[in-house]
Structures are given as C-alpha cells and as structure tokens.
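**Q** Okay, so here is start-v8.tsv, and as you'll see once you scroll down, it has TSV, C-alpha atoms.
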chain	number	residue	atom	x	y	z
A	146	MET	CA	-37.91	139.21	173.07
A	147	ARG	CA	-39.63	142.39	171.87
A	148	PRO	CA	-41.45	145.58	172.97
A	149	PRO	CA	-44.84	144.82	174.58
A	150	THR	CA	-46.76	147.71	172.95
A	151	ARG	CA	-46.88	149.75	169.77
A	152	GLU	CA	-46.03	152.91	171.70
A	153	ILE	CA	-42.92	151.48	173.33
A	154	CYS	CA	-41.80	149.97	170.04
A	155	GLU	CA	-41.95	153.29	168.22
A	156	GLU	CA	-39.56	154.88	170.70
A	157	LEU	CA	-37.37	151.82	171.22
A	158	ALA	CA	-36.80	151.00	167.53
A	159	CYS	CA	-33.73	152.66	166.05
A	160	LEU	CA	-31.38	152.62	163.08
A	161	PRO	CA	-28.51	150.08	163.07
A	162	TYR	CA	-25.60	151.13	165.26
A	163	ASP	CA	-23.11	151.33	162.38
A	164	VAL	CA	-24.88	153.95	160.24
A	165	MET	CA	-24.15	156.79	162.68
A	166	ASN	CA	-21.41	158.18	164.88
A	167	SER	CA	-21.60	158.81	168.63
A	168	GLU	CA	-22.67	162.44	168.27
A	169	GLU	CA	-25.50	161.51	165.90
A	170	ALA	CA	-26.62	158.71	168.23
A	171	ALA	CA	-26.70	161.13	171.15
A	172	ARG	CA	-28.88	163.56	169.19
A	173	MET	CA	-31.22	160.76	168.12
A	174	THR	CA	-31.87	159.76	171.74
A	175	VAL	CA	-32.70	163.19	173.16
A	176	GLY	CA	-35.96	162.70	175.05
A	177	LYS	CA	-35.97	158.98	174.19
A	178	PRO	CA	-34.88	156.94	177.22
A	179	LYS	CA	-36.35	153.79	175.64
A	180	SER	CA	-34.29	153.96	172.41
A	181	LEU	CA	-32.26	150.79	171.88
A	182	LEU	CA	-29.31	153.04	171.03
A	183	HIS	CA	-28.77	153.17	174.80
A	184	VAL	CA	-27.76	149.51	174.39
A	185	THR	CA	-26.19	149.42	170.93
A	186	ARG	CA	-24.37	152.78	171.34
A	187	ALA	CA	-23.99	152.90	175.12
A	188	GLU	CA	-21.10	155.37	174.89
A	189	ILE	CA	-23.81	158.05	174.75
A	190	ASP	CA	-24.46	157.30	178.43
A	191	CYS	CA	-20.77	157.32	179.40
A	192	PRO	CA	-18.48	160.26	180.26
A	193	ALA	CA	-17.34	162.30	177.26
A	194	GLY	CA	-14.18	160.95	175.71
A	195	THR	CA	-14.73	157.33	176.83
A	196	ASP	CA	-13.09	154.88	174.42
A	197	LEU	CA	-15.87	153.35	172.27
A	198	HIS	CA	-14.30	149.91	172.59
A	199	SER	CA	-13.61	150.02	176.33
A	200	ALA	CA	-15.09	147.68	178.91
A	201	THR	CA	-16.83	150.72	180.40
A	202	VAL	CA	-19.00	151.11	177.30
A	203	TYR	CA	-19.79	147.41	176.96
A	204	GLU	CA	-20.67	147.10	180.65
A	205	LYS	CA	-23.00	150.08	180.26
A	206	SER	CA	-24.65	148.25	177.36
A	207	VAL	CA	-25.21	145.24	179.61
A	208	ALA	CA	-26.62	147.40	182.40
A	209	ASN	CA	-28.96	149.24	180.02
A	210	PHE	CA	-30.10	145.99	178.39
A	211	LYS	CA	-30.91	144.55	181.82
A	212	MET	CA	-32.74	147.75	182.77
A	213	PHE	CA	-34.86	147.61	179.58
A	214	GLN	CA	-36.02	144.14	180.61
A	215	GLU	CA	-36.62	145.09	184.25
A	216	LYS	CA	-38.75	148.05	183.20
A	217	GLY	CA	-40.78	145.85	180.86
A	218	TRP	CA	-39.69	147.67	177.70
A	219	LEU	CA	-38.56	144.30	176.33
A	220	VAL	CA	-40.45	141.11	177.15
A	221	GLN	CA	-39.99	137.52	176.10
A	222	ASP	CA	-42.68	135.87	173.96
A	223	LYS	CA	-43.89	132.69	175.64
A	224	GLU	CA	-43.71	130.57	172.49
A	225	PRO	CA	-41.16	130.54	169.65
A	226	ARG	CA	-42.61	132.01	166.47
A	227	PHE	CA	-41.93	133.77	163.20
A	228	TYR	CA	-42.79	137.40	162.55
A	229	VAL	CA	-43.48	139.46	159.45
A	230	TYR	CA	-41.59	142.74	159.16
A	231	ALA	CA	-42.65	145.05	156.34
A	232	GLN	CA	-41.03	148.28	155.22
A	233	THR	CA	-42.52	151.01	153.05
A	234	MET	CA	-40.40	153.41	151.05
A	235	GLU	CA	-41.66	155.77	148.35
A	236	GLY	CA	-44.91	153.83	147.96
A	237	ARG	CA	-43.22	150.43	147.68
A	238	THR	CA	-43.54	147.83	150.47
A	239	GLN	CA	-41.35	144.77	150.99
A	240	TYR	CA	-42.37	141.96	153.36
A	241	GLY	CA	-39.78	139.95	155.24
A	242	ILE	CA	-40.04	136.97	157.57
A	243	VAL	CA	-38.13	137.30	160.82
A	244	GLY	CA	-36.67	134.05	162.05
A	245	CYS	CA	-33.43	132.43	163.06
A	246	ALA	CA	-30.81	131.25	160.58
A	247	ALA	CA	-28.45	128.41	161.46
A	248	CYS	CA	-24.78	129.17	161.98
A	249	ASP	CA	-23.97	125.84	160.31
A	250	ASP	CA	-25.78	127.00	157.16
A	251	TYR	CA	-23.33	129.86	156.82
A	252	VAL	CA	-20.35	127.54	157.28
A	253	ASN	CA	-21.79	124.98	154.83
A	254	GLY	CA	-22.68	127.50	152.11
A	255	VAL	CA	-26.47	127.30	152.44
A	256	ILE	CA	-26.32	130.99	153.33
A	257	LYS	CA	-24.55	132.51	150.34
A	258	LYS	CA	-22.47	135.68	150.35
A	259	HIS	CA	-21.29	138.06	147.65
A	260	GLU	CA	-18.80	140.18	149.60
A	261	LEU	CA	-15.55	139.54	151.44
A	262	THR	CA	-15.34	140.28	155.15
A	263	ARG	CA	-12.51	141.47	157.35
A	264	PRO	CA	-11.77	139.66	160.65
A	265	ASP	CA	-11.25	142.95	162.50
A	266	LYS	CA	-14.71	144.19	161.53
A	267	GLU	CA	-16.21	140.81	162.43
A	268	GLU	CA	-14.59	141.01	165.85
A	269	ASP	CA	-16.00	144.48	166.40
A	270	ARG	CA	-19.49	143.06	165.95
A	271	MET	CA	-18.80	140.06	168.17
A	272	VAL	CA	-17.72	141.89	171.32
A	273	LEU	CA	-21.11	143.39	172.20
A	274	THR	CA	-22.84	140.08	171.43
A	275	ARG	CA	-20.59	138.36	173.96
A	276	TYR	CA	-21.38	140.98	176.60
A	277	VAL	CA	-25.17	141.06	176.20
A	278	ASN	CA	-25.48	137.41	175.12
A	279	ALA	CA	-28.01	138.30	172.41
A	280	ASN	CA	-28.42	139.21	168.74
A	281	LEU	CA	-29.57	142.80	169.13
A	282	GLU	CA	-29.83	143.56	165.41
A	283	PRO	CA	-31.01	141.33	162.55
A	284	VAL	CA	-29.24	140.55	159.30
A	285	PHE	CA	-30.90	141.33	155.94
A	286	PHE	CA	-31.33	138.16	153.83
A	287	ALA	CA	-32.97	137.46	150.47
A	288	TYR	CA	-34.39	134.25	149.05
A	289	LYS	CA	-35.91	133.24	145.73
A	290	ALA	CA	-39.61	133.96	146.09
A	291	VAL	CA	-41.97	131.06	146.86
A	292	PRO	CA	-45.65	131.69	145.95
A	293	GLU	CA	-47.01	129.73	148.92
A	294	ILE	CA	-44.89	131.76	151.35
A	295	ASP	CA	-46.06	134.94	149.63
A	296	ALA	CA	-49.66	133.83	150.11
A	297	ILE	CA	-49.18	133.14	153.82
A	298	VAL	CA	-47.55	136.53	154.31
A	299	ALA	CA	-50.37	138.25	152.41
A	300	ASP	CA	-52.93	136.59	154.68
A	301	ILE	CA	-51.08	137.57	157.86
A	302	THR	CA	-50.57	141.16	156.80
A	303	SER	CA	-54.23	141.64	155.97
A	304	GLY	CA	-54.76	141.98	159.72
A	305	ARG	CA	-53.83	144.78	162.09
A	306	PRO	CA	-50.06	144.95	162.75
A	307	ASP	CA	-48.63	144.66	166.25
A	308	TYR	CA	-46.38	147.64	165.51
A	309	ASP	CA	-46.95	150.29	162.88
A	310	PHE	CA	-45.05	153.56	162.67
A	311	THR	CA	-43.36	155.98	160.31
A	312	ALA	CA	-39.79	156.76	161.27
A	313	GLU	CA	-38.18	160.19	161.16
A	314	ASP	CA	-36.83	159.49	157.66
A	315	GLY	CA	-40.36	158.97	156.32
A	316	PHE	CA	-40.07	155.19	155.91
A	317	GLY	CA	-42.89	153.03	157.25
A	318	HIS	CA	-42.31	150.01	159.48
A	319	HIS	CA	-45.01	147.39	160.10
A	320	PHE	CA	-44.72	144.21	162.19
A	321	TRP	CA	-46.93	141.17	162.81
A	322	ALA	CA	-46.32	138.30	165.23
A	323	ILE	CA	-47.40	134.95	163.76
A	324	VAL	CA	-49.27	133.36	166.63
A	325	CYS	CA	-50.92	130.39	164.87
A	326	PRO	CA	-48.86	127.22	165.57
A	327	GLU	CA	-49.94	125.61	162.31
A	328	THR	CA	-48.85	128.64	160.27
A	329	ASN	CA	-45.48	128.73	162.00
A	330	LYS	CA	-44.98	125.04	161.34
A	331	ARG	CA	-45.97	125.41	157.70
A	332	LEU	CA	-43.53	128.28	157.18
A	333	GLU	CA	-40.76	126.21	158.73
A	334	GLU	CA	-41.59	123.34	156.36
A	335	LEU	CA	-41.66	125.64	153.33
A	336	PHE	CA	-38.28	127.16	154.11
A	337	ALA	CA	-36.85	123.67	154.63
A	338	THR	CA	-38.23	122.27	151.35
A	339	LYS	CA	-38.67	125.25	148.98
A	340	VAL	CA	-35.80	127.57	149.93
A	341	PRO	CA	-32.54	125.72	149.27
A	342	TYR	CA	-30.39	128.82	149.74
A	343	THR	CA	-30.61	132.25	151.30
A	344	TYR	CA	-28.47	135.22	150.29
A	345	VAL	CA	-26.84	137.85	152.46
A	346	ALA	CA	-28.16	141.12	151.09
A	347	ASP	CA	-26.91	143.49	153.77
A	348	GLY	CA	-24.85	142.55	156.81
A	349	HIS	CA	-21.97	140.31	155.70
A	350	HIS	CA	-19.87	141.16	158.75
A	351	ARG	CA	-22.76	140.62	161.17
A	352	THR	CA	-23.47	137.25	159.53
A	353	ALA	CA	-19.85	136.13	159.71
A	354	ALA	CA	-19.62	137.37	163.30
A	355	ALA	CA	-22.77	135.45	164.29
A	356	ALA	CA	-21.37	132.23	162.82
A	357	ARG	CA	-18.10	132.75	164.71
A	358	ILE	CA	-19.98	133.41	167.95
A	359	GLY	CA	-21.89	130.16	167.47
A	360	ALA	CA	-18.66	128.21	166.99
A	361	GLU	CA	-17.09	129.95	169.99
A	362	TYR	CA	-19.99	129.15	172.30
A	363	ARG	CA	-20.07	125.56	171.04
A	364	GLN	CA	-16.42	125.01	171.90
A	365	LYS	CA	-16.97	126.31	175.42
A	366	ASN	CA	-19.97	124.06	176.11
A	367	PRO	CA	-18.99	120.44	176.94
A	368	ARG	CA	-22.68	119.49	176.83
A	369	HIS	CA	-23.36	120.99	173.40
A	370	ASP	CA	-26.10	119.08	171.54
A	371	GLY	CA	-27.00	121.46	168.67
A	372	SER	CA	-30.31	122.70	170.10
A	373	GLU	CA	-28.86	125.70	171.92
A	374	GLU	CA	-29.94	129.19	170.89
A	375	TYR	CA	-26.34	130.19	170.15
A	376	ASN	CA	-26.47	127.88	167.13
A	377	TYR	CA	-28.79	130.40	165.47
A	378	PHE	CA	-28.87	134.11	164.73
A	379	MET	CA	-31.62	136.53	163.82
A	380	ALA	CA	-32.34	137.46	160.21
A	381	VAL	CA	-35.13	139.04	158.18
A	382	HIS	CA	-35.76	137.04	154.98
A	383	PHE	CA	-37.18	138.95	152.00
A	384	PRO	CA	-38.29	137.43	148.66
A	385	ASP	CA	-36.01	138.59	145.85
A	386	THR	CA	-38.95	139.84	143.77
A	387	GLN	CA	-39.72	142.57	146.30
A	388	LEU	CA	-36.21	143.95	146.77
A	389	LYS	CA	-34.65	146.86	144.97
A	390	ILE	CA	-30.94	147.65	145.08
A	391	ILE	CA	-30.03	151.30	144.75
A	392	ASP	CA	-26.82	152.77	143.38
A	393	TYR	CA	-23.54	152.98	145.29
A	394	ASN	CA	-21.35	155.75	143.89
A	395	ARG	CA	-17.74	156.94	144.04
A	396	VAL	CA	-15.96	160.24	144.66
A	397	VAL	CA	-12.21	160.71	144.12
A	398	LYS	CA	-9.90	163.30	145.67
A	399	ASP	CA	-7.58	163.93	142.71
A	400	LEU	CA	-7.09	163.23	139.00
A	401	ASN	CA	-3.78	161.40	139.39
A	402	GLY	CA	-1.87	164.30	137.87
A	403	LEU	CA	-4.18	164.70	134.87
A	404	THR	CA	-5.96	167.86	133.81
A	405	PRO	CA	-9.75	167.62	133.35
A	406	SER	CA	-9.29	167.58	129.57
A	407	GLY	CA	-6.57	164.98	129.94
A	408	LEU	CA	-8.89	162.77	131.98
A	409	ILE	CA	-11.61	163.02	129.33
A	410	LEU	CA	-9.09	162.17	126.61
A	411	ARG	CA	-8.07	159.02	128.49
A	412	LEU	CA	-11.71	158.10	129.11
A	413	GLU	CA	-12.51	158.29	125.39
A	414	LYS	CA	-10.39	155.19	124.76
A	415	SER	CA	-12.96	153.00	126.53
A	416	PHE	CA	-16.10	155.15	126.70
A	417	VAL	CA	-18.28	157.32	124.53
A	418	VAL	CA	-18.08	160.59	126.46
A	419	GLU	CA	-20.91	163.14	126.15
A	420	GLU	CA	-21.19	166.38	128.10
A	421	MET	CA	-24.72	166.67	129.56
A	422	GLY	CA	-24.54	170.14	131.14
A	423	ARG	CA	-25.02	171.37	134.69
A	424	GLU	CA	-28.26	169.50	135.49
A	425	ILE	CA	-27.76	166.28	137.47
A	426	TYR	CA	-27.63	163.31	135.11
A	427	HIS	CA	-28.56	159.79	136.25
A	428	PRO	CA	-27.29	156.72	134.39
A	429	ALA	CA	-30.23	155.24	132.48
A	430	ARG	CA	-29.03	151.66	131.84
A	431	LEU	CA	-26.31	149.10	132.47
A	432	HIS	CA	-22.84	150.04	131.20
A	433	GLU	CA	-23.75	153.73	131.33
A	434	PHE	CA	-22.16	155.99	133.95
A	435	SER	CA	-22.41	159.63	134.87
A	436	MET	CA	-19.40	161.72	135.85
A	437	TYR	CA	-19.33	165.09	137.57
A	438	LEU	CA	-16.24	167.15	136.83
A	439	GLU	CA	-15.50	170.87	136.94
A	440	GLY	CA	-19.18	171.84	137.35
A	441	SER	CA	-20.51	169.68	134.49
A	442	TRP	CA	-22.12	166.25	134.19
A	443	TYR	CA	-21.00	163.74	131.56
A	444	ARG	CA	-22.50	160.52	130.25
A	445	LEU	CA	-19.95	157.72	129.87
A	446	THR	CA	-21.07	154.72	127.82
A	447	ALA	CA	-18.73	151.74	127.88
A	448	LYS	CA	-17.70	150.67	124.39
A	449	GLN	CA	-18.32	147.14	123.15
A	450	GLY	CA	-15.37	144.92	123.89
A	451	THR	CA	-14.43	146.68	127.13
A	452	TYR	CA	-16.49	144.29	129.28
A	453	ASN	CA	-17.46	140.62	129.31
A	454	ASP	CA	-21.21	139.95	129.43
A	455	SER	CA	-20.60	136.22	129.94
A	456	ASP	CA	-18.63	136.78	133.16
A	457	PRO	CA	-20.78	137.41	136.29
A	458	ILE	CA	-18.12	139.78	137.66
A	459	GLY	CA	-16.82	141.23	134.41
A	460	VAL	CA	-20.29	142.40	133.37
A	461	LEU	CA	-20.78	144.48	136.52
A	462	ASP	CA	-20.56	148.23	136.11
A	463	VAL	CA	-18.50	148.47	139.30
A	464	THR	CA	-15.94	146.17	137.65
A	465	ILE	CA	-15.90	148.22	134.47
A	466	LEU	CA	-15.41	151.45	136.40
A	467	SER	CA	-12.82	149.93	138.74
A	468	ASN	CA	-10.74	148.43	135.96
A	469	LEU	CA	-10.99	151.03	133.20
A	470	VAL	CA	-11.13	154.23	135.24
A	471	LEU	CA	-10.15	153.89	138.88
A	472	ALA	CA	-7.23	151.50	138.34
A	473	ASP	CA	-6.03	152.21	134.77
A	474	ILE	CA	-6.44	155.99	134.75
A	475	LEU	CA	-6.57	157.19	138.36
A	476	ASP	CA	-4.23	154.53	139.78
A	477	ILE	CA	-6.53	153.48	142.61
A	478	GLN	CA	-5.63	149.80	142.87
A	479	ASP	CA	-7.10	148.81	146.24
A	480	LEU	CA	-10.62	150.10	146.86
A	481	ARG	CA	-10.64	148.80	150.43
A	482	ARG	CA	-7.54	150.67	151.55
A	483	SER	CA	-7.07	153.69	149.31
A	484	THR	CA	-7.55	157.03	151.05
A	485	ARG	CA	-8.09	158.79	147.72
A	486	ILE	CA	-11.57	157.40	147.18
A	487	ASP	CA	-14.84	157.45	149.11
A	488	PHE	CA	-18.21	155.79	148.54
A	489	VAL	CA	-21.63	157.43	148.66
A	490	GLY	CA	-24.84	155.44	149.04
A	491	GLY	CA	-27.52	156.29	146.50
A	492	ILE	CA	-29.96	157.15	149.28
A	493	ARG	CA	-28.10	160.48	149.53
A	494	GLY	CA	-28.82	161.31	145.88
A	495	LEU	CA	-26.45	162.54	143.19
A	496	GLY	CA	-26.66	166.00	144.67
A	497	GLU	CA	-24.32	164.72	147.39
A	498	LEU	CA	-21.72	163.87	144.71
A	499	LYS	CA	-22.02	167.38	143.29
A	500	ARG	CA	-21.73	168.94	146.74
A	501	ARG	CA	-18.56	167.08	147.62
A	502	VAL	CA	-16.88	167.99	144.34
A	503	ASP	CA	-18.04	171.62	144.39
A	504	SER	CA	-16.75	172.00	147.96
A	505	GLY	CA	-13.25	171.13	146.81
A	506	GLU	CA	-13.11	168.05	149.06
A	507	MET	CA	-13.24	165.82	145.98
A	508	ARG	CA	-12.20	166.40	142.38
A	509	VAL	CA	-14.43	164.03	140.40
A	510	ALA	CA	-17.50	161.86	141.04
A	511	PHE	CA	-18.89	158.80	139.28
A	512	ALA	CA	-22.47	157.52	139.52
A	513	LEU	CA	-23.42	153.96	138.54
A	514	TYR	CA	-26.58	152.20	137.42
A	515	PRO	CA	-27.77	149.93	140.27
A	516	VAL	CA	-26.94	146.25	140.39
A	517	SER	CA	-29.97	143.96	140.00
A	518	MET	CA	-31.06	141.21	142.39
A	519	GLU	CA	-30.61	138.78	139.50
A	520	GLN	CA	-26.96	139.81	139.21
A	521	LEU	CA	-26.42	139.51	142.96
A	522	ILE	CA	-27.91	136.01	143.12
A	523	ASN	CA	-25.98	134.90	140.03
A	524	ILE	CA	-22.71	136.03	141.58
A	525	ALA	CA	-23.46	134.31	144.88
A	526	ASP	CA	-24.59	131.10	143.13
A	527	THR	CA	-21.38	130.94	141.07
A	528	GLY	CA	-19.20	131.45	144.13
A	529	ASN	CA	-17.96	134.85	142.99
A	530	ILE	CA	-17.35	137.94	145.10
A	531	MET	CA	-18.49	141.44	144.15
A	532	PRO	CA	-16.06	144.36	144.29
A	533	PRO	CA	-16.30	146.44	147.49
A	534	LYS	CA	-19.20	148.84	147.95
A	535	THR	CA	-21.39	147.49	145.16
A	536	THR	CA	-24.88	147.20	146.66
A	537	TRP	CA	-26.96	149.52	148.84
A	538	PHE	CA	-30.30	148.43	150.26
A	539	GLU	CA	-32.94	150.74	151.69
A	540	PRO	CA	-34.75	151.03	153.99
A	541	LYS	CA	-32.33	149.82	156.66
A	542	LEU	CA	-33.76	147.32	159.12
A	543	ARG	CA	-34.80	148.96	162.38
A	544	SER	CA	-33.21	147.47	165.47
A	545	GLY	CA	-35.33	146.64	168.50
A	546	LEU	CA	-38.47	145.23	166.90
A	547	VAL	CA	-37.32	141.81	168.05
A	548	ILE	CA	-34.19	140.53	169.81
A	549	HIS	CA	-32.81	136.99	169.93
A	550	LYS	CA	-31.26	135.90	173.22
A	551	LEU	CA	-28.51	133.28	173.02
A	552	ASP	CA	-29.31	131.52	176.29
Translate this file's structure into structure tokens.

**A**
Amino acid sequence: MRPPTREICEELACLPYDVMNSEEAARMTVGKPKSLLHVTRAEIDCPAGTDLHSATVYEKSVANFKMFQEKGWLVQDKEPRFYVYAQTMEGRTQYGIVGCAACDDYVNGVIKKHELTRPDKEEDRMVLTRYVNANLEPVFFAYKAVPEIDAIVADITSGRPDYDFTAEDGFGHHFWAIVCPETNKRLEELFATKVPYTYVADGHHRTAAAARIGAEYRQKNPRHDGSEEYNYFMAVHFPDTQLKIIDYNRVVKDLNGLTPSGLILRLEKSFVVEEMGREIYHPARLHEFSMYLEGSWYRLTAKQGTYNDSDPIGVLDVTILSNLVLADILDIQDLRRSTRIDFVGGIRGLGELKRRVDSGEMRVAFALYPVSMEQLINIADTGNIMPPKTTWFEPKLRSGLVIHKLD
C-alpha cells in the first residue's frame, strides 16, 4: 500500500515517529492533513493532555489510517513487488531495495543484530502495529553488496521515479516501483542465493517487535500455514558499500568531583592529551577523540596497549572511551541507565556539544571517530554486541512511501 501520486507522497511522507516529540509532530503537520504523522503520532489530533499510550490515541490512529485509505491517499498495489528507495545527502546517494523480511530469519539469526533491545521499548512499538494491523514504518537493513543486484538497481533507477522530492531537511528521496515480474523474481532469487545474511543497521527495537508480532499472530491463528503476511515485516535493504555511519557523541553533566586540570591529569595516563584551542576539532582517525572542556577543545589519542585491536569490541572507540574515561574516571558504569550522560547524534554537529557545555547544562563533551560498516558487520558476524549509542545513520527513512498490511 502506498500513495497513488507524487504530490500526495510528498505531503504524506514523514520522519519516523520516534525522532520527535508531540509538539514537534504537531508543528510538522500544520497545513498537512495528509501527513502520516496523523497515524503514527495521532495524539496530535486528540485533546491536549491525552496520555500518549492511551486507547484514545491508538483508536485515533486506526480511524485516521482508515480515513487515509477511504480518501485514496493510500492505495494497495494489485501485485506484490519490490521497490527501490534512494536517499541523497550532501551529494551522496544510497539505493535500497524495499521488501519484506521474514520474522523467522530474525529468530534464526539470518537477520543479524549488533545492539541489545529492551522488552519495554519493543512493546511500545508493538501496540500501534496491533491496532492498525500494519507495518507503518520500515526497518533499515544492510547487506554485503552483490554486483548483479547493483546492476539491476542501476537499470531501474535510470528511469523516472514514481516519487521524487526534497524534504525540509534538504535530503532527497526517490522511489521506483519494480513492475516487471521477471525482475522481481530475479531479485528474489538473488537475495535467496547471494545474500546469506542481512544486518540491522537502524531499528533494532522495531525489528524485534516485528518478530514478536509475527509469533503472536501465529499463536492466535489455528490455521497458520506460514504464508500469512504477518510472517513478514517491511525493511529497506542497502548494500554495505553505499552506507556511511556518522559519529555518535557523548556529553556529561559533571566531572565526578574532579577539577578540569585533575580530569586532564587522569586522562594522561591512557591518552596523549593536546589542547587544540577554541576552534571545533573533529577526530581525524580511529582511536583519536576530541574533548570540549572549559571553552577549549582537546585531542585525545589513545596510547598503545590501552585497547585490543584483535577484539571486535575492544577495538571500538566507544569501548575505549567507555572503559578508560566514562567508567574509570567519571564513574559512569551503566550507559543505558545513568542520568549523568546524554548522547548526541553526529547529524547535529560538534557545535551542539559546545552549546550544551557552554550553556552549563553539561560539563564536558567527547566526540568520536565514526564506526565503519566493516566494524559493524564484523561485530554482528562474531555474535558480539556493540555498546549503547554507537552508530548513527542518516538520512532517516521516510515513513509513508510504502506500508505493509498484515492481513
């Protein structure tokens, strides 16, 4: 199911529901009755103060979703097919294939993960799916590039896209339906024979929630035979060679009782510390960090022997920073639960780190060199789990270009 025209798509497509709050969602939908946020963030159409997790909000989502279909803003394609979804950011375009992933593949480890998930966050993503009986938003997957798939995608995208727009953030979104039956069949064969594993890039909780929904629906269906739509969930599959991970940085509220000079003295045990001045300094390579403290930027270079290059987790800069600085010096032992630390996606720039420290909200900031796709895949392949808040992918997938109904 998808928008029938380019014009409707441009208004209907929106950012994922979990990258904004209710007030931001309401502002984004001013003058946009077709925005899918009326379904994914239906509290914006409910009385002020309505509990976000109340039945009132979910029932409004169902009503709005039904209305979108009745008005013809979302229509069902007559034949099952793949789609190509391309995104352009800063002159770089990545091309993904939209299709359904099997819930069983997640359970059996064919879909590989690199982050832990929390059941409460999974449940949050499952409730709306139960109400609307559809995958409203896709998951972001990667796979090891296959030249023949690349060639098919290049051929498809040489034609005019079905949808083509630049969003308010300046990122381009381009979308092609693959209508040729032979091409769809060939892509299915190639994924079955040439893509042994896929990797969750962004959306671990949505993936886990989709797998749980599939199992839940299966248990409730005495006539289950494996062909039902609830056995699958929607994902956009990108070749690893086209993806770029950007940095995911940290800001800390206090120095754990240390003075700024005392912090630097402790850091010098494990790092070469160099003051870089007041101009923003970006880490230039692995094992190099930048720190913003008391109005100045510092370069921190991890000393040999403080990390393990042969360990997929130990070699990560997030591990080095977590172990040698956050835990050992600042006494932040649990990144998931500590209220003394916050995480800032690299899309906001290092100026955001400076702003939060200069405002007095935070005391010190640390910027990291981005993780590589090779590192991510290596960790997933070896069954390891990355520390929290390690990877940040941009652009975010727009919701509403295509929707997968579970019935």

**Q** Atom CA of A:Gln214 and atom CA of A:Ala247 are how many Å apart?

**A**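 Value for the atom CA of A:Gln214-atom CA of A:Ala247 distance: 25.9 Å.
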
**Q** Which polymer residues have any atom within 9 Å of an atom of A:Arg357, counting all atoms listed in the file, with same-chain residues fewer than 5 positions away left out, as a VMD selection string?

**A** chain A and resid 248 267 271 352 362

**Q** Find the residue from A:Leu400, A:Leu182, A:Glu313, A:Arg151 that sits nearest to A:Met165; use all atoms listed in the file when measuring.

**A**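 Closest residue, counting all atoms listed in the file: A:Leu182.
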
**Q** Record the distance separating atom CA of A:Lys211 and atom CA of A:Glu156, expressed in Å with one decimal.

**A**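 So the two atoms, atom CA of A:Lys211 and atom CA of A:Glu156, lie 17.5 Å apart.
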
**Q** Starting from the point (-40.5, 126.4, 143.3), work out which residues of protein, DNA or RNA have an atom no more than 8 Å away when counting all atoms listed in the file; state them as a list in words.

**A** Val291, Pro292 and Lys339 of chain A

**Q** Work out how far apart atom CA of A:Leu160 and atom CA of A:Pro306 are and give it in Å to one decimal.

**A**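 We find that atom CA of A:Leu160 and atom CA of A:Pro306 lie 20.2 Å from each other.
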
**Q** Choose the residue, out of A:Glu419, A:Asp295, A:Glu439, A:Asp392, that has the smallest atom-to-atom separation from A:Arg500; count only C-alpha atoms.

**A** A:Glu439

**Q** Which protein, DNA or RNA residues are at most 10 Å from (-23.9, 151.8, 166.1) in the file's coordinates when you count only C-alpha atoms, listed as a ChimeraX atom specification?

**A** /A:159-167,169-170,182,184-188,270
